[in-house]
Amino acid sequence: MQHLKDFSPSKKLYIETLGCAMNVRDSEHLIAELREKENYTLTDDASQADLILINTCSVREKPEKKLFSEIGVFHKMKKKDAKIGICGCTASALGEEILKRSKNVDFVLGARNISKISTIIHKPKAVEVDLNYDDSLYMFSQNINSSYKALLNISIGCDKHCAYCIVPHTRGKEISIPMDLLLKEAEKLASKGVKELLLLGQNVNNYGARFSIEHPKVDFTKLLSELAKIEGLKRIRFTSPHPLHMDDEFLEEFAKNPKVCKSIHIPLQSGSTKILKSMKRGYSQEWYLNRIDYLKKLLPDVGISTDIIVGFVGESEEDFLESMKVLEYVRFDTLYSFIYSPRPFTPASTWEEGKVSKEVAKERLQRLQDLHKKILTENSQLELGKIHKILIENNKQSEVETFSEGRSDTNRLVKIEGKFINLGEFVNVKVTHAKNATLYGTPC
Ligand code: SAH
Ligand code: SF4
Ligand code: F3S
């Protein structure tokens, strides 16, 4: 018997996603739930939508500040009866206050509560931001758009309390998703043609530390080796691991498992042990470099990316130079760098002594990025002549230009000019030249 809802015309959903890969995954869940349970289809035109969702990020101040002007813009363009819902991390952080500050918002749904989407849309002015809510066992509706690449959450929340970071306040305590659920989901994805899986969590290599049900003892190393047994799955990536949990066993599994891509994000945050201590990161510069040395001994060609914050409270010129030193030593392939942004609910936001001025922070960011640019250009030269297997993830065929591009196992983007290759195909390419950070190659 067909369900009645199948006969009614679908409603339209417009969704804007800010922030990290976790939010991208949460948006996929929101879309799938609304499609399956409430008969919504996606539109990229907000003025045609019956429901507008903003999936917000609050890790730094800027996007949060923009939220209220954005709500105003959507309110002006939307259909008369369309609803506006605020989801994600800013929803968790501000909760009720969002309704107080904007009468144009219909509901607020925190990052930890997204499985409640199909009920909250029917509750005017509802606020669901319970930080203790646990949807680690919830089976979200299937995303029908899964292609050759997919995201998979392996845990929710974060148990660390880095002094600058709002995430534990927006996503609550860390809970791992049971391994059999993850394996089932990964098998399902692989059977639909997914070749590359990106595992997500705030501290992926702390996987198994806490479950909400009785669970056999497992860790991230075990999860990787079990996922790798799934037929059809060709590549496994993950983000983010925490340097503190990078024991030898984990690095060895990472190095030897052929399906685990040889690129890794190792967030440094600061090169100065003094600053790392006040950030409450739990490791020193020495520990960080020791892990890098061991990793490079196992895998000399590994791709490494990182996050660095400049201008943290108490960061002196000498401390900053320690970050420059680590950057120079490790020679990261990708750098995400940020000026420290004080966030509510975090200890560092109340510290007055040793504040770094905007000008100094900006100037440090510039120096850091200049050094990284130089390293990147040099790293690219080392790629010349190498052969990489790339997974095509972007292509174009037009009178003006034709190209295909994809990522190597080590996460380097390689562009093939003049050839149109289907998305999701693996191709061996020889790197022929490099322009700054971009690599160019020919199939071989
Ligand atoms: N769990 C991940 C990080 C998630 S937040 C980890 O521990 O690495 C993503 C990045 O945002 C962080 O790595 C950090 O570099 C940056 N970030 C977090 N809070 C910040 C703040 N208050 N100001 C500036 N950057 C911040
Ligand atoms: Fe934030 Fe630290 Fe948790 Fe990462 S590990 S999400 S930086 S508190
Ligand atoms: Fe991600 Fe931003 Fe939340 S970085 S965890 S969406 S605060």
# chains A, B, ... in the order shown; residues from 1 in each chain; ligands from 1
>>> residues_near_ligand(ligand="ligand 1", cutoff="7 Å", atoms="only C-alpha atoms and all ligand atoms", output="JSON list (two decimals) with N, CA and C atoms, in the first residue's frame")
[["chain", "number", "residue", "atom", "x", "y", "z"],
["A", 59, "VAL", "N", 32.16, 28.51, 15.44],
["A", 59, "VAL", "CA", 33.54, 28.30, 15.91],
["A", 59, "VAL", "C", 34.32, 29.62, 15.99],
["A", 60, "ARG", "N", 33.98, 30.55, 15.10],
["A", 60, "ARG", "CA", 34.56, 31.91, 15.19],
["A", 60, "ARG", "C", 33.41, 32.91, 15.17],
["A", 164, "TYR", "N", 39.99, 27.55, 24.00],
["A", 164, "TYR", "CA", 39.47, 28.53, 23.04],
["A", 164, "TYR", "C", 38.18, 28.07, 22.35],
["A", 165, "CYS", "N", 37.78, 26.82, 22.54],
["A", 165, "CYS", "CA", 36.84, 26.21, 21.60],
["A", 165, "CYS", "C", 35.43, 26.06, 22.13],
["A", 166, "ILE", "N", 34.46, 26.44, 21.32],
["A", 166, "ILE", "CA", 33.05, 26.42, 21.72],
["A", 166, "ILE", "C", 32.39, 25.06, 21.40],
["A", 167, "VAL", "N", 33.06, 24.23, 20.61],
["A", 167, "VAL", "CA", 32.42, 23.00, 20.12],
["A", 167, "VAL", "C", 31.86, 22.08, 21.23],
["A", 202, "GLN", "N", 34.98, 14.72, 16.00],
["A", 202, "GLN", "CA", 35.88, 15.78, 16.49],
["A", 202, "GLN", "C", 37.23, 15.21, 16.91],
["A", 203, "ASN", "N", 37.23, 13.95, 17.34],
["A", 203, "ASN", "CA", 38.48, 13.27, 17.72],
["A", 203, "ASN", "C", 38.38, 11.82, 17.29],
["A", 240, "SER", "N", 38.64, 14.70, 12.33],
["A", 240, "SER", "CA", 40.04, 14.94, 12.60],
["A", 240, "SER", "C", 40.56, 13.99, 13.66],
["A", 242, "HIS", "N", 43.25, 13.45, 16.81],
["A", 242, "HIS", "CA", 43.88, 14.34, 17.77],
["A", 242, "HIS", "C", 45.31, 13.86, 18.01],
["A", 267, "PRO", "N", 45.98, 18.44, 13.64],
["A", 267, "PRO", "CA", 45.85, 19.84, 14.09],
["A", 267, "PRO", "C", 46.91, 20.21, 15.12],
["A", 269, "GLN", "N", 47.58, 23.65, 16.17],
["A", 269, "GLN", "CA", 47.03, 24.83, 16.91],
["A", 269, "GLN", "C", 48.11, 25.82, 17.29],
["A", 307, "ASP", "N", 45.87, 22.64, 11.35],
["A", 307, "ASP", "CA", 45.20, 23.89, 11.74],
["A", 307, "ASP", "C", 46.14, 24.64, 12.68],
["A", 308, "ILE", "N", 46.30, 25.93, 12.45],
["A", 308, "ILE", "CA", 47.09, 26.75, 13.38],
["A", 308, "ILE", "C", 46.31, 28.01, 13.73],
["A", 309, "ILE", "N", 46.29, 28.33, 15.01],
["A", 309, "ILE", "CA", 45.66, 29.58, 15.48],
["A", 309, "ILE", "C", 46.77, 30.57, 15.81],
["A", 337, "SER", "N", 44.62, 28.29, 8.64],
["A", 337, "SER", "CA", 45.13, 29.16, 9.71],
["A", 337, "SER", "C", 44.09, 30.20, 10.08],
["A", 338, "PHE", "N", 44.03, 30.50, 11.36],
["A", 338, "PHE", "CA", 42.97, 31.37, 11.87],
["A", 338, "PHE", "C", 43.53, 32.35, 12.89],
["A", 339, "ILE", "N", 42.92, 33.53, 12.93],
["A", 339, "ILE", "CA", 43.21, 34.46, 14.03],
["A", 339, "ILE", "C", 42.32, 34.04, 15.20],
["A", 340, "TYR", "N", 42.89, 33.98, 16.37],
["A", 340, "TYR", "CA", 42.10, 33.60, 17.55],
["A", 340, "TYR", "C", 40.88, 34.49, 17.70],
["A", 341, "SER", "N", 39.74, 33.87, 17.92],
["A", 341, "SER", "CA", 38.48, 34.60, 18.06],
["A", 341, "SER", "C", 37.85, 34.19, 19.40],
["A", 342, "PRO", "N", 37.76, 35.12, 20.35],
["A", 342, "PRO", "CA", 37.21, 34.75, 21.67],
["A", 342, "PRO", "C", 35.76, 34.30, 21.54],
["A", 343, "ARG", "N", 35.43, 33.18, 22.15],
["A", 343, "ARG", "CA", 34.09, 32.62, 22.04],
["A", 343, "ARG", "C", 33.42, 32.52, 23.40]]
>>> residues_near_ligand(ligand="ligand 3", cutoff="6 Å", atoms="only C-alpha atoms and all ligand atoms", output="PyMOL selection string")
chain A and resi 19-20+22-23+57-59+89+167
>>> closest_residue(among="A:Thr56, A:Thr402, A:Thr346, A:Gln48", to="ligand 2", atoms="only C-alpha atoms and all ligand atoms")
A:Thr346
>>> residues_around(residues="Ala163 (chain A)", least_positions_apart="6", cutoff="12 Å", atoms="only C-alpha atoms", output="compact mmCIF listing (two decimals) with N, CA, C and O atoms, in the first residue's frame")
# COMPACT_ATOMS: atom_id res chain seq x y z
N HIS A 169 30.57 22.90 23.84
CA HIS A 169 29.34 23.53 24.31
C HIS A 169 28.21 23.42 23.28
O HIS A 169 27.03 23.52 23.64
N GLN A 269 47.58 23.65 16.17
CA GLN A 269 47.03 24.83 16.91
C GLN A 269 48.11 25.82 17.29
O GLN A 269 47.98 27.00 17.02
N ILE A 275 52.06 27.83 24.93
CA ILE A 275 50.70 28.14 24.46
C ILE A 275 49.84 26.87 24.40
O ILE A 275 48.66 26.88 24.77
N LEU A 276 50.44 25.76 23.96
CA LEU A 276 49.67 24.50 23.92
C LEU A 276 49.14 24.16 25.30
O LEU A 276 48.03 23.65 25.46
N LYS A 277 49.98 24.47 26.31
CA LYS A 277 49.56 24.19 27.68
C LYS A 277 48.38 25.07 28.07
O LYS A 277 47.39 24.58 28.61
N SER A 278 48.48 26.36 27.75
CA SER A 278 47.35 27.22 28.15
C SER A 278 46.11 26.93 27.30
O SER A 278 44.99 27.13 27.74
N MET A 279 46.32 26.41 26.09
CA MET A 279 45.16 26.00 25.27
C MET A 279 44.53 24.71 25.79
O MET A 279 43.49 24.29 25.31
N LYS A 280 45.23 24.02 26.68
CA LYS A 280 44.80 22.72 27.23
C LYS A 280 44.72 21.65 26.13
O LYS A 280 43.77 20.85 26.08
N ARG A 281 45.72 21.64 25.27
CA ARG A 281 45.72 20.66 24.19
C ARG A 281 46.25 19.29 24.64
O ARG A 281 46.05 18.28 23.97
N GLY A 282 46.99 19.26 25.72
CA GLY A 282 47.41 17.97 26.26
C GLY A 282 48.68 17.40 25.65
O GLY A 282 49.04 16.25 25.93
N PHE A 312 46.66 33.82 19.93
CA PHE A 312 45.97 33.34 21.14
C PHE A 312 46.46 34.17 22.33
O PHE A 312 47.58 34.69 22.33
N VAL A 313 45.61 34.28 23.35
CA VAL A 313 45.96 35.07 24.54
C VAL A 313 47.31 34.60 25.10
O VAL A 313 47.49 33.40 25.33
N TYR A 340 42.89 33.98 16.37
CA TYR A 340 42.10 33.60 17.55
C TYR A 340 40.88 34.49 17.70
O TYR A 340 40.98 35.72 17.63
N SER A 341 39.74 33.87 17.92
CA SER A 341 38.48 34.60 18.06
C SER A 341 37.85 34.19 19.40
O SER A 341 37.51 33.02 19.59
N PRO A 342 37.76 35.12 20.35
CA PRO A 342 37.21 34.75 21.67
C PRO A 342 35.76 34.30 21.54
O PRO A 342 34.96 34.95 20.86
N ARG A 343 35.43 33.18 22.15
CA ARG A 343 34.09 32.62 22.04
C ARG A 343 33.42 32.52 23.40
O ARG A 343 34.08 32.21 24.40
N PRO A 344 32.10 32.76 23.44
CA PRO A 344 31.40 32.61 24.72
C PRO A 344 31.49 31.18 25.24
O PRO A 344 31.73 30.26 24.45
N PHE A 345 31.32 31.00 26.50
CA PHE A 345 31.36 29.69 27.19
C PHE A 345 32.75 29.06 27.22
O PHE A 345 32.90 27.90 27.55
N THR A 346 33.78 29.79 26.79
CA THR A 346 35.13 29.20 26.81
C THR A 346 35.98 29.93 27.85
O THR A 346 35.83 31.14 28.02
N PRO A 347 36.87 29.21 28.53
CA PRO A 347 37.70 29.85 29.56
C PRO A 347 38.53 31.00 28.99
O PRO A 347 38.58 32.08 29.58
N ALA A 348 39.12 30.80 27.81
CA ALA A 348 40.05 31.82 27.28
C ALA A 348 39.36 33.15 27.02
O ALA A 348 40.02 34.21 27.03
N SER A 349 38.04 33.13 26.81
CA SER A 349 37.35 34.39 26.49
C SER A 349 37.34 35.35 27.67
O SER A 349 37.07 36.53 27.50
N THR A 350 37.64 34.84 28.87
CA THR A 350 37.63 35.73 30.04
C THR A 350 39.03 36.21 30.40
O THR A 350 39.21 36.99 31.32
N TRP A 351 40.05 35.69 29.70
CA TRP A 351 41.43 36.07 30.04
C TRP A 351 41.76 37.45 29.47
O TRP A 351 41.58 37.70 28.27
>>> select_by_dssp(residues="region 222-307 of chain A", states="strand (DSSP E or B)", output="ChimeraX atom specification")
/A:235-239,260,263-265,269,303-307
>>> residues_around(residues="Ala437 (chain A)", least_positions_apart="4", cutoff="6 Å", atoms="only C-alpha atoms", output="CSV table (one decimal) with all heavy atoms, in the first residue's frame")
chain,number,residue,atom,x,y,z
A,376,LEU,N,54.6,25.3,0.0
A,376,LEU,CA,53.7,24.6,-1.0
A,376,LEU,C,54.3,24.5,-2.4
A,376,LEU,O,54.3,23.5,-3.1
A,376,LEU,CB,52.4,25.4,-1.0
A,376,LEU,CG,51.2,24.6,-1.2
A,376,LEU,CD1,51.0,23.4,-0.2
A,376,LEU,CD2,49.9,25.5,-1.1
A,377,THR,N,54.9,25.7,-2.8
A,377,THR,CA,55.5,25.7,-4.1
A,377,THR,C,56.7,24.7,-4.2
A,377,THR,O,56.8,24.0,-5.2
A,377,THR,CB,56.0,27.2,-4.4
A,377,THR,OG1,54.9,28.0,-4.1
A,377,THR,CG2,56.4,27.3,-5.8
A,380,SER,N,55.4,21.2,-4.3
A,380,SER,CA,54.9,20.9,-5.6
A,380,SER,C,56.0,20.4,-6.6
A,380,SER,O,55.8,19.5,-7.4
A,380,SER,CB,54.1,22.0,-6.2
A,380,SER,OG,53.0,22.3,-5.4
>>> closest_atom_pairs(of="region 129-191 of chain A", to="region 215-225 of chain A", cutoff="12 Å", atoms="only C-alpha atoms", output="JSON lines")
{"residue": "A:Ile154", "atom": "CA", "partner": "A:Leu223", "partner_atom": "CA", "distance": 9.5}
{"residue": "A:Ser155", "atom": "CA", "partner": "A:Phe220", "partner_atom": "CA", "distance": 10.9}
{"residue": "A:Ile175", "atom": "CA", "partner": "A:His215", "partner_atom": "CA", "distance": 11.9}
{"residue": "A:Ser176", "atom": "CA", "partner": "A:Asp219", "partner_atom": "CA", "distance": 10.0}
{"residue": "A:Ile177", "atom": "CA", "partner": "A:His215", "partner_atom": "CA", "distance": 10.0}
{"residue": "A:Pro178", "atom": "CA", "partner": "A:His215", "partner_atom": "CA", "distance": 7.2}
{"residue": "A:Met179", "atom": "CA", "partner": "A:Leu223", "partner_atom": "CA", "distance": 7.1}
{"residue": "A:Asp180", "atom": "CA", "partner": "A:Leu223", "partner_atom": "CA", "distance": 9.8}
{"residue": "A:Leu181", "atom": "CA", "partner": "A:Leu223", "partner_atom": "CA", "distance": 11.5}
{"residue": "A:Leu182", "atom": "CA", "partner": "A:Leu223", "partner_atom": "CA", "distance": 8.9}
{"residue": "A:Leu183", "atom": "CA", "partner": "A:Leu223", "partner_atom": "CA", "distance": 8.6}
{"residue": "A:Ala186", "atom": "CA", "partner": "A:Leu223", "partner_atom": "CA", "distance": 11.4}
>>> write_last_selection(atoms="C-alpha atoms", output="mmCIF file, in the first residue's frame")
data_model
loop_
_atom_site.group_PDB
_atom_site.id
_atom_site.type_symbol
_atom_site.label_atom_id
_atom_site.label_comp_id
_atom_site.auth_asym_id
_atom_site.auth_seq_id
_atom_site.Cartn_x
_atom_site.Cartn_y
_atom_site.Cartn_z
ATOM 1 C CA ILE A 154 31.585 7.800 13.739
ATOM 2 C CA SER A 155 31.034 9.831 16.898
ATOM 3 C CA ILE A 175 29.667 9.377 22.224
ATOM 4 C CA SER A 176 30.823 6.835 19.659
ATOM 5 C CA ILE A 177 28.365 5.231 17.279
ATOM 6 C CA PRO A 178 28.316 1.421 17.707
ATOM 7 C CA MET A 179 30.650 -0.393 15.330
ATOM 8 C CA ASP A 180 28.035 -2.760 13.879
ATOM 9 C CA LEU A 181 25.849 0.222 12.883
ATOM 10 C CA LEU A 182 28.824 1.849 11.169
ATOM 11 C CA LEU A 183 29.809 -1.322 9.331
ATOM 12 C CA ALA A 186 29.341 1.500 5.172
#
>>> residues_around(residues="Lys78 (chain A)", least_positions_apart="2", cutoff="10 Å", atoms="only C-alpha atoms", output="ChimeraX atom specification")
/A:45-52,73-76,80-84
>>> closest_residue(among="A:Pro63, A:Pro124, A:Gly441, A:Gly172", to="ligand 2", atoms="only C-alpha atoms and all ligand atoms")
A:Gly172
